[in-house]
Each structure stands twice: as structure tokens, then as C-alpha cells.
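S.K.: Got a structure here, written out as C-alpha cells. Questions coming.
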Amino acid sequence: MFGKRYDGRRVHSIDPIQCITPYIMKTRTDSMNMFEESIPCEPLDAFIKEKREEGWRLSYMHLIIAMVVRTMALRPRLNRFVMNGRIYTRPKIWVSFVVHENLRYDNDGTTVKLCFEGTEGLREICAKIDEAVERETTKHTEANATDKLAKLLTSVPGPIIRFAVNTLMWMDRHNIMPKAVIEASPFHTSMFLTNLRSLGINHVFHHVYEFGTTGIFVAIGKERRVPEVQGSSVGIGKHMGFGLVCDERFCDGLYFARSLKMMKKFLSDPHLLEAPLEKKVEDDK
């Protein structure tokens, strides 16, 4: 280890079993846990309709990202990552997702990474998302930092690309990855989100990448009609598919389970996300 990381600090107060786990399960693909939920759409639809009448246009994407930001602000162990067998916690919350200029054509999307303090209210989070989406879907906008980095790497022959990527991964393991690369890389993020609902297909269980620090990958899928208990009877309700894949090495199953309950609570009542958070919970030392 050659120094401190720009995107995280090492966590020392860790249970001995958890401390040794990254040396047993050495990769993220070896450590993936998969969770699946069926999210009721009625509370989301009612909230979106209420805000539309106030002149504020929202989508499921806005609410999912806001839910993740608020949950990580209150459950900071979710915002950890493993690098070279050691566990780190991030100072801020980063969210990556793909934006398509037009879904009618098979053109490539652009990956966006947004940074949040964790105390933002829903309106501030939505404004930041809308600004990024508008910027990236405007045709005359020049390539962002992520696209420029990808173009640079792919402008050379394959063996050199392989050498460059391996060199960057080595630098990442030893905490000497350049700040500019970390900021441009969508894979150095708290959570990566894919919105398959916009493509008209169901959610998937997406792998977490070995390159970078991504520890949580969320996929939302198209809505479907499913049986549900409605009072004293059984009816049919609209539900959205929700798939989550996480690296289990940086916090235990109980912590993940309670965090998932908190996520569901926010999605069952999005009004809880409106007010800014006075102070986020700090991670262990």
C-alpha cells in the first residue's frame, strides 16, 4: 500500500471474521449475493401523480436513485468497498447509470456518474439527475470524461489496451490510481444502476465489476401484474421487478437485510425522501 486513497479511507474496526473474508473470497464475482424484490408501484405512481399536479415531473429512476442515496447516508456500511483484501469506506456517495439519447435506435448509451453528499433532499437529487441526462442526451454536447477515457484506451492495439488496463488495476490495488481516472471511471462508484424498465424487459442480476470499486449493482425491470393482499381480500396489483447484486465482503447479511427493509420503506412512502437529511451517519473508524 503506497498511501491514502482519493475515493475512500480504510476501515479498521472490523470483526475478525469479516476482516479475513476478503482473503478467502478474493474477487467480487466470488463474493456476489443476489437479492430480488417485487416493488409495489401504487405508492410510487400516487406520489409521481401528486408531484406532476404540482408541476414537478418525476420518474421511477429519480425515486430509485434518491432511495439509494438516502439509504447509504443512513446505512454507511453499504458505501464500502474491498480493494487488495482491505475494506474501505467512501467519503461521498457516487451513483453510475447509462443514458440513451434515443431508445428507438440501437445507438450506444453514455455512462453518467453523479456524486452526492448524502444529505440532499429529493428535489436536489432530481435536479442533479435531470441536468446530467439533459446534458448527455443533447447531440451537440461533447464527450464526457468517461467517454474520453474509453476512447483513449480503445485508440491503441488490443495488447496495449490489455497492458494499460492491467496497469490501472495494479495501481488501484496499491492506492496510486490517478484521481482523474477515478473521477472518470463509472466503475469506481457506490452503486451502478441499470434501468431495464425503459427497454421494456424484466430486471436481471447484473454482475459487479472486477475493475473499479463497484460493490452494489441494482437493476429495475418492467412492471407486471401480480396477485397481492388488498385488505381482507386478494387482488391484482402492479409491481416493478428489482434485482440487486452485492459484494458480501464489506458488511454482514443482517446489515444488508435491515438496509433492504429501509429501501422498501422509502419506496412505500416516497414523501420520506423529500426533506434534506440534517446529517448523514458516519461510518466506523
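Labels used: A, B, ... for chains in the order of the C-alpha cells, numbers from 1 for residues in each chain, and numbers from 1 for ligands as shown.
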Please identify all polymer residues within 12 Å of Leu254 in chain A, counting only C-alpha atoms, omitting same-chain residues fewer than 6 positions from it, and present them as a ChimeraX atom specification.
M.R.: /A:77-78,248,260-261
S.K.: Would you mind exporting the chosen residues as an mmCIF file, in the first residue's frame, restricted to N, CA and C atoms?
M.R.:
```
data_model
loop_
_atom_site.group_PDB
_atom_site.id
_atom_site.type_symbol
_atom_site.label_atom_id
_atom_site.label_comp_id
_atom_site.auth_asym_id
_atom_site.auth_seq_id
_atom_site.Cartn_x
_atom_site.Cartn_y
_atom_site.Cartn_z
ATOM 1 N N ARG A 77 -22.342 1.425 5.919
ATOM 2 C CA ARG A 77 -21.556 0.241 5.557
ATOM 3 C C ARG A 77 -21.873 -0.228 4.146
ATOM 4 N N LEU A 78 -23.017 0.179 3.617
ATOM 5 C CA LEU A 78 -23.331 -0.138 2.224
ATOM 6 C C LEU A 78 -22.405 0.602 1.267
ATOM 7 N N GLU A 248 -20.557 -9.284 -0.788
ATOM 8 C CA GLU A 248 -20.906 -9.543 0.614
ATOM 9 C C GLU A 248 -19.758 -9.326 1.583
ATOM 10 N N LEU A 260 -32.179 -3.403 3.265
ATOM 11 C CA LEU A 260 -33.208 -3.655 2.258
ATOM 12 C C LEU A 260 -34.593 -3.274 2.775
ATOM 13 N N LYS A 261 -34.844 -3.545 4.049
ATOM 14 C CA LYS A 261 -36.123 -3.145 4.643
ATOM 15 C C LYS A 261 -36.282 -1.636 4.613
#
```
S.K.: Just the helix (DSSP H, G or I) stuff from range 199-255 of chain A, please, per backbone DSSP, written as a ChimeraX atom specification.
M.R.: /A:199,248-250,253-255
S.K.: With C-alpha atoms retained, write the just-selected residues as a CSV table (one decimal), in the first residue's frame.
M.R.:
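Contents of the output file part08.csv:
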```
chain,number,residue,atom,x,y,z
A,199,LEU,CA,-36.2,-1.0,-22.5
A,248,GLU,CA,-20.9,-9.5,0.6
A,249,ARG,CA,-17.4,-9.0,2.0
A,250,PHE,CA,-17.7,-5.4,3.3
A,253,GLY,CA,-26.0,-10.3,5.9
A,254,LEU,CA,-28.0,-8.9,8.8
A,255,TYR,CA,-26.9,-5.4,7.9
```
S.K.: Considering only C-alpha atoms, return as number ranges by chain whatever protein or nucleic-acid residues lie within 6 Å of range 6-21 of chain A, sequence-local ones (same chain, fewer than 5 positions apart) excluded.
M.R.: A: 87-91, 285
S.K.: Identify all residues of range 20-136 of chain A in strand (DSSP E) (DSSP on the backbone) and supply them as a PyMOL selection string.
M.R.: chain A and resi 32-40+80-83+86-89+93-99+110-116
S.K.: Please produce a file of the residues just selected, as a PDB file, in the first residue's frame, where the atoms kept are N, CA and C atoms.
M.R.:
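Generated file (result.pdb):
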```
ATOM      1  N   MET A  32     -20.468 -12.606  -4.715  1.00  0.00           N
ATOM      2  CA  MET A  32     -21.746 -11.985  -5.062  1.00  0.00           C
ATOM      3  C   MET A  32     -22.915 -12.632  -4.329  1.00  0.00           C
ATOM      4  N   ASN A  33     -23.728 -11.803  -3.707  1.00  0.00           N
ATOM      5  CA  ASN A  33     -25.024 -12.216  -3.178  1.00  0.00           C
ATOM      6  C   ASN A  33     -26.102 -11.532  -4.014  1.00  0.00           C
ATOM      7  N   MET A  34     -27.179 -12.256  -4.262  1.00  0.00           N
ATOM      8  CA  MET A  34     -28.238 -11.721  -5.122  1.00  0.00           C
ATOM      9  C   MET A  34     -29.548 -11.627  -4.353  1.00  0.00           C
ATOM     10  N   PHE A  35     -30.185 -10.468  -4.467  1.00  0.00           N
ATOM     11  CA  PHE A  35     -31.468 -10.232  -3.815  1.00  0.00           C
ATOM     12  C   PHE A  35     -32.493  -9.853  -4.876  1.00  0.00           C
ATOM     13  N   GLU A  36     -33.718 -10.281  -4.661  1.00  0.00           N
ATOM     14  CA  GLU A  36     -34.797  -9.955  -5.589  1.00  0.00           C
ATOM     15  C   GLU A  36     -36.003  -9.476  -4.810  1.00  0.00           C
ATOM     16  N   GLU A  37     -36.600  -8.387  -5.273  1.00  0.00           N
ATOM     17  CA  GLU A  37     -37.797  -7.854  -4.648  1.00  0.00           C
ATOM     18  C   GLU A  37     -38.822  -7.514  -5.724  1.00  0.00           C
ATOM     19  N   SER A  38     -40.073  -7.549  -5.321  1.00  0.00           N
ATOM     20  CA  SER A  38     -41.158  -7.092  -6.173  1.00  0.00           C
ATOM     21  C   SER A  38     -41.706  -5.819  -5.543  1.00  0.00           C
ATOM     22  N   ILE A  39     -41.437  -4.692  -6.169  1.00  0.00           N
ATOM     23  CA  ILE A  39     -41.759  -3.390  -5.580  1.00  0.00           C
ATOM     24  C   ILE A  39     -43.160  -2.955  -6.008  1.00  0.00           C
ATOM     25  N   PRO A  40     -44.091  -2.760  -5.053  1.00  0.00           N
ATOM     26  CA  PRO A  40     -45.431  -2.252  -5.411  1.00  0.00           C
ATOM     27  C   PRO A  40     -45.331  -0.878  -6.052  1.00  0.00           C
ATOM     28  N   ARG A  80     -19.216   0.898   1.349  1.00  0.00           N
ATOM     29  CA  ARG A  80     -17.846   0.410   1.469  1.00  0.00           C
ATOM     30  C   ARG A  80     -17.431  -0.326   0.197  1.00  0.00           C
ATOM     31  N   PHE A  81     -16.162  -0.631   0.112  1.00  0.00           N
ATOM     32  CA  PHE A  81     -15.660  -1.468  -0.970  1.00  0.00           C
ATOM     33  C   PHE A  81     -14.403  -2.194  -0.519  1.00  0.00           C
ATOM     34  N   VAL A  82     -14.057  -3.238  -1.248  1.00  0.00           N
ATOM     35  CA  VAL A  82     -12.876  -4.050  -0.940  1.00  0.00           C
ATOM     36  C   VAL A  82     -11.834  -3.841  -2.023  1.00  0.00           C
ATOM     37  N   MET A  83     -10.617  -3.574  -1.604  1.00  0.00           N
ATOM     38  CA  MET A  83      -9.519  -3.435  -2.554  1.00  0.00           C
ATOM     39  C   MET A  83      -8.270  -4.064  -1.955  1.00  0.00           C
ATOM     40  N   ARG A  86      -8.428  -5.362   1.623  1.00  0.00           N
ATOM     41  CA  ARG A  86      -8.736  -4.412   2.691  1.00  0.00           C
ATOM     42  C   ARG A  86     -10.078  -3.723   2.419  1.00  0.00           C
ATOM     43  N   ILE A  87     -10.749  -3.347   3.502  1.00  0.00           N
ATOM     44  CA  ILE A  87     -12.074  -2.746   3.398  1.00  0.00           C
ATOM     45  C   ILE A  87     -11.973  -1.230   3.589  1.00  0.00           C
ATOM     46  N   TYR A  88     -12.586  -0.493   2.678  1.00  0.00           N
ATOM     47  CA  TYR A  88     -12.566   0.967   2.701  1.00  0.00           C
ATOM     48  C   TYR A  88     -13.995   1.499   2.740  1.00  0.00           C
ATOM     49  N   THR A  89     -14.136   2.723   3.241  1.00  0.00           N
ATOM     50  CA  THR A  89     -15.425   3.406   3.210  1.00  0.00           C
ATOM     51  C   THR A  89     -15.275   4.691   2.408  1.00  0.00           C
ATOM     52  N   ILE A  93     -21.177   9.659  -1.785  1.00  0.00           N
ATOM     53  CA  ILE A  93     -21.984   8.624  -2.431  1.00  0.00           C
ATOM     54  C   ILE A  93     -21.975   8.871  -3.934  1.00  0.00           C
ATOM     55  N   TRP A  94     -21.501   7.897  -4.694  1.00  0.00           N
ATOM     56  CA  TRP A  94     -21.465   8.001  -6.143  1.00  0.00           C
ATOM     57  C   TRP A  94     -22.460   7.019  -6.748  1.00  0.00           C
ATOM     58  N   VAL A  95     -23.171   7.451  -7.774  1.00  0.00           N
ATOM     59  CA  VAL A  95     -24.143   6.609  -8.475  1.00  0.00           C
ATOM     60  C   VAL A  95     -23.864   6.684  -9.971  1.00  0.00           C
ATOM     61  N   SER A  96     -23.716   5.521 -10.616  1.00  0.00           N
ATOM     62  CA  SER A  96     -23.482   5.451 -12.060  1.00  0.00           C
ATOM     63  C   SER A  96     -24.695   4.840 -12.751  1.00  0.00           C
ATOM     64  N   PHE A  97     -24.998   5.348 -13.938  1.00  0.00           N
ATOM     65  CA  PHE A  97     -26.076   4.767 -14.743  1.00  0.00           C
ATOM     66  C   PHE A  97     -25.860   5.151 -16.198  1.00  0.00           C
ATOM     67  N   VAL A  98     -26.566   4.460 -17.091  1.00  0.00           N
ATOM     68  CA  VAL A  98     -26.412   4.678 -18.531  1.00  0.00           C
ATOM     69  C   VAL A  98     -27.572   5.507 -19.052  1.00  0.00           C
ATOM     70  N   VAL A  99     -27.255   6.470 -19.905  1.00  0.00           N
ATOM     71  CA  VAL A  99     -28.252   7.332 -20.539  1.00  0.00           C
ATOM     72  C   VAL A  99     -28.221   7.086 -22.043  1.00  0.00           C
ATOM     73  N   THR A 110     -24.488   6.530 -23.034  1.00  0.00           N
ATOM     74  CA  THR A 110     -23.394   7.205 -22.347  1.00  0.00           C
ATOM     75  C   THR A 110     -23.532   6.965 -20.849  1.00  0.00           C
ATOM     76  N   THR A 111     -22.441   6.613 -20.224  1.00  0.00           N
ATOM     77  CA  THR A 111     -22.474   6.343 -18.785  1.00  0.00           C
ATOM     78  C   THR A 111     -22.232   7.629 -18.005  1.00  0.00           C
ATOM     79  N   VAL A 112     -23.074   7.852 -17.009  1.00  0.00           N
ATOM     80  CA  VAL A 112     -23.006   9.045 -16.164  1.00  0.00           C
ATOM     81  C   VAL A 112     -22.707   8.621 -14.737  1.00  0.00           C
ATOM     82  N   LYS A 113     -21.856   9.371 -14.075  1.00  0.00           N
ATOM     83  CA  LYS A 113     -21.594   9.143 -12.646  1.00  0.00           C
ATOM     84  C   LYS A 113     -21.839  10.442 -11.891  1.00  0.00           C
ATOM     85  N   LEU A 114     -22.742  10.381 -10.919  1.00  0.00           N
ATOM     86  CA  LEU A 114     -23.081  11.551 -10.117  1.00  0.00           C
ATOM     87  C   LEU A 114     -22.580  11.371  -8.687  1.00  0.00           C
ATOM     88  N   CYS A 115     -22.200  12.480  -8.079  1.00  0.00           N
ATOM     89  CA  CYS A 115     -21.696  12.459  -6.703  1.00  0.00           C
ATOM     90  C   CYS A 115     -22.674  13.178  -5.780  1.00  0.00           C
ATOM     91  N   PHE A 116     -22.977  12.553  -4.647  1.00  0.00           N
ATOM     92  CA  PHE A 116     -23.896  13.123  -3.663  1.00  0.00           C
ATOM     93  C   PHE A 116     -23.235  13.140  -2.282  1.00  0.00           C
TER      94      PHE A 116
END
```
S.K.: Could you give me, as a PyMOL selection string, the residues within 6 Å of Arg197 in chain A, counting only C-alpha atoms and dropping anything in the same chain fewer than 2 positions from it?
M.R.: chain A and resi 195+199-201+221-222
S.K.: Write a file of the selected residues as a PDB file, in the first residue's frame, keeping N, CA and C atoms.
M.R.:
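Contents of out-v9.pdb, freshly written:
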```
ATOM      1  N   ASN A 195     -31.544   0.655 -15.800  1.00  0.00           N
ATOM      2  CA  ASN A 195     -32.995   0.805 -15.893  1.00  0.00           C
ATOM      3  C   ASN A 195     -33.498  -0.008 -17.082  1.00  0.00           C
ATOM      4  N   LEU A 199     -36.355  -0.209 -21.307  1.00  0.00           N
ATOM      5  CA  LEU A 199     -36.155  -1.035 -22.500  1.00  0.00           C
ATOM      6  C   LEU A 199     -37.282  -2.038 -22.684  1.00  0.00           C
ATOM      7  N   GLY A 200     -38.209  -2.077 -21.713  1.00  0.00           N
ATOM      8  CA  GLY A 200     -39.359  -2.973 -21.814  1.00  0.00           C
ATOM      9  C   GLY A 200     -39.072  -4.408 -21.457  1.00  0.00           C
ATOM     10  N   ILE A 201     -38.007  -4.650 -20.692  1.00  0.00           N
ATOM     11  CA  ILE A 201     -37.682  -6.023 -20.284  1.00  0.00           C
ATOM     12  C   ILE A 201     -37.586  -6.095 -18.770  1.00  0.00           C
ATOM     13  N   GLY A 221     -36.771  -3.524 -13.522  1.00  0.00           N
ATOM     14  CA  GLY A 221     -37.366  -4.057 -14.737  1.00  0.00           C
ATOM     15  C   GLY A 221     -38.778  -3.554 -14.956  1.00  0.00           C
ATOM     16  N   LYS A 222     -39.401  -4.058 -16.011  1.00  0.00           N
ATOM     17  CA  LYS A 222     -40.736  -3.603 -16.375  1.00  0.00           C
ATOM     18  C   LYS A 222     -41.762  -4.026 -15.325  1.00  0.00           C
TER      19      LYS A 222
END
```
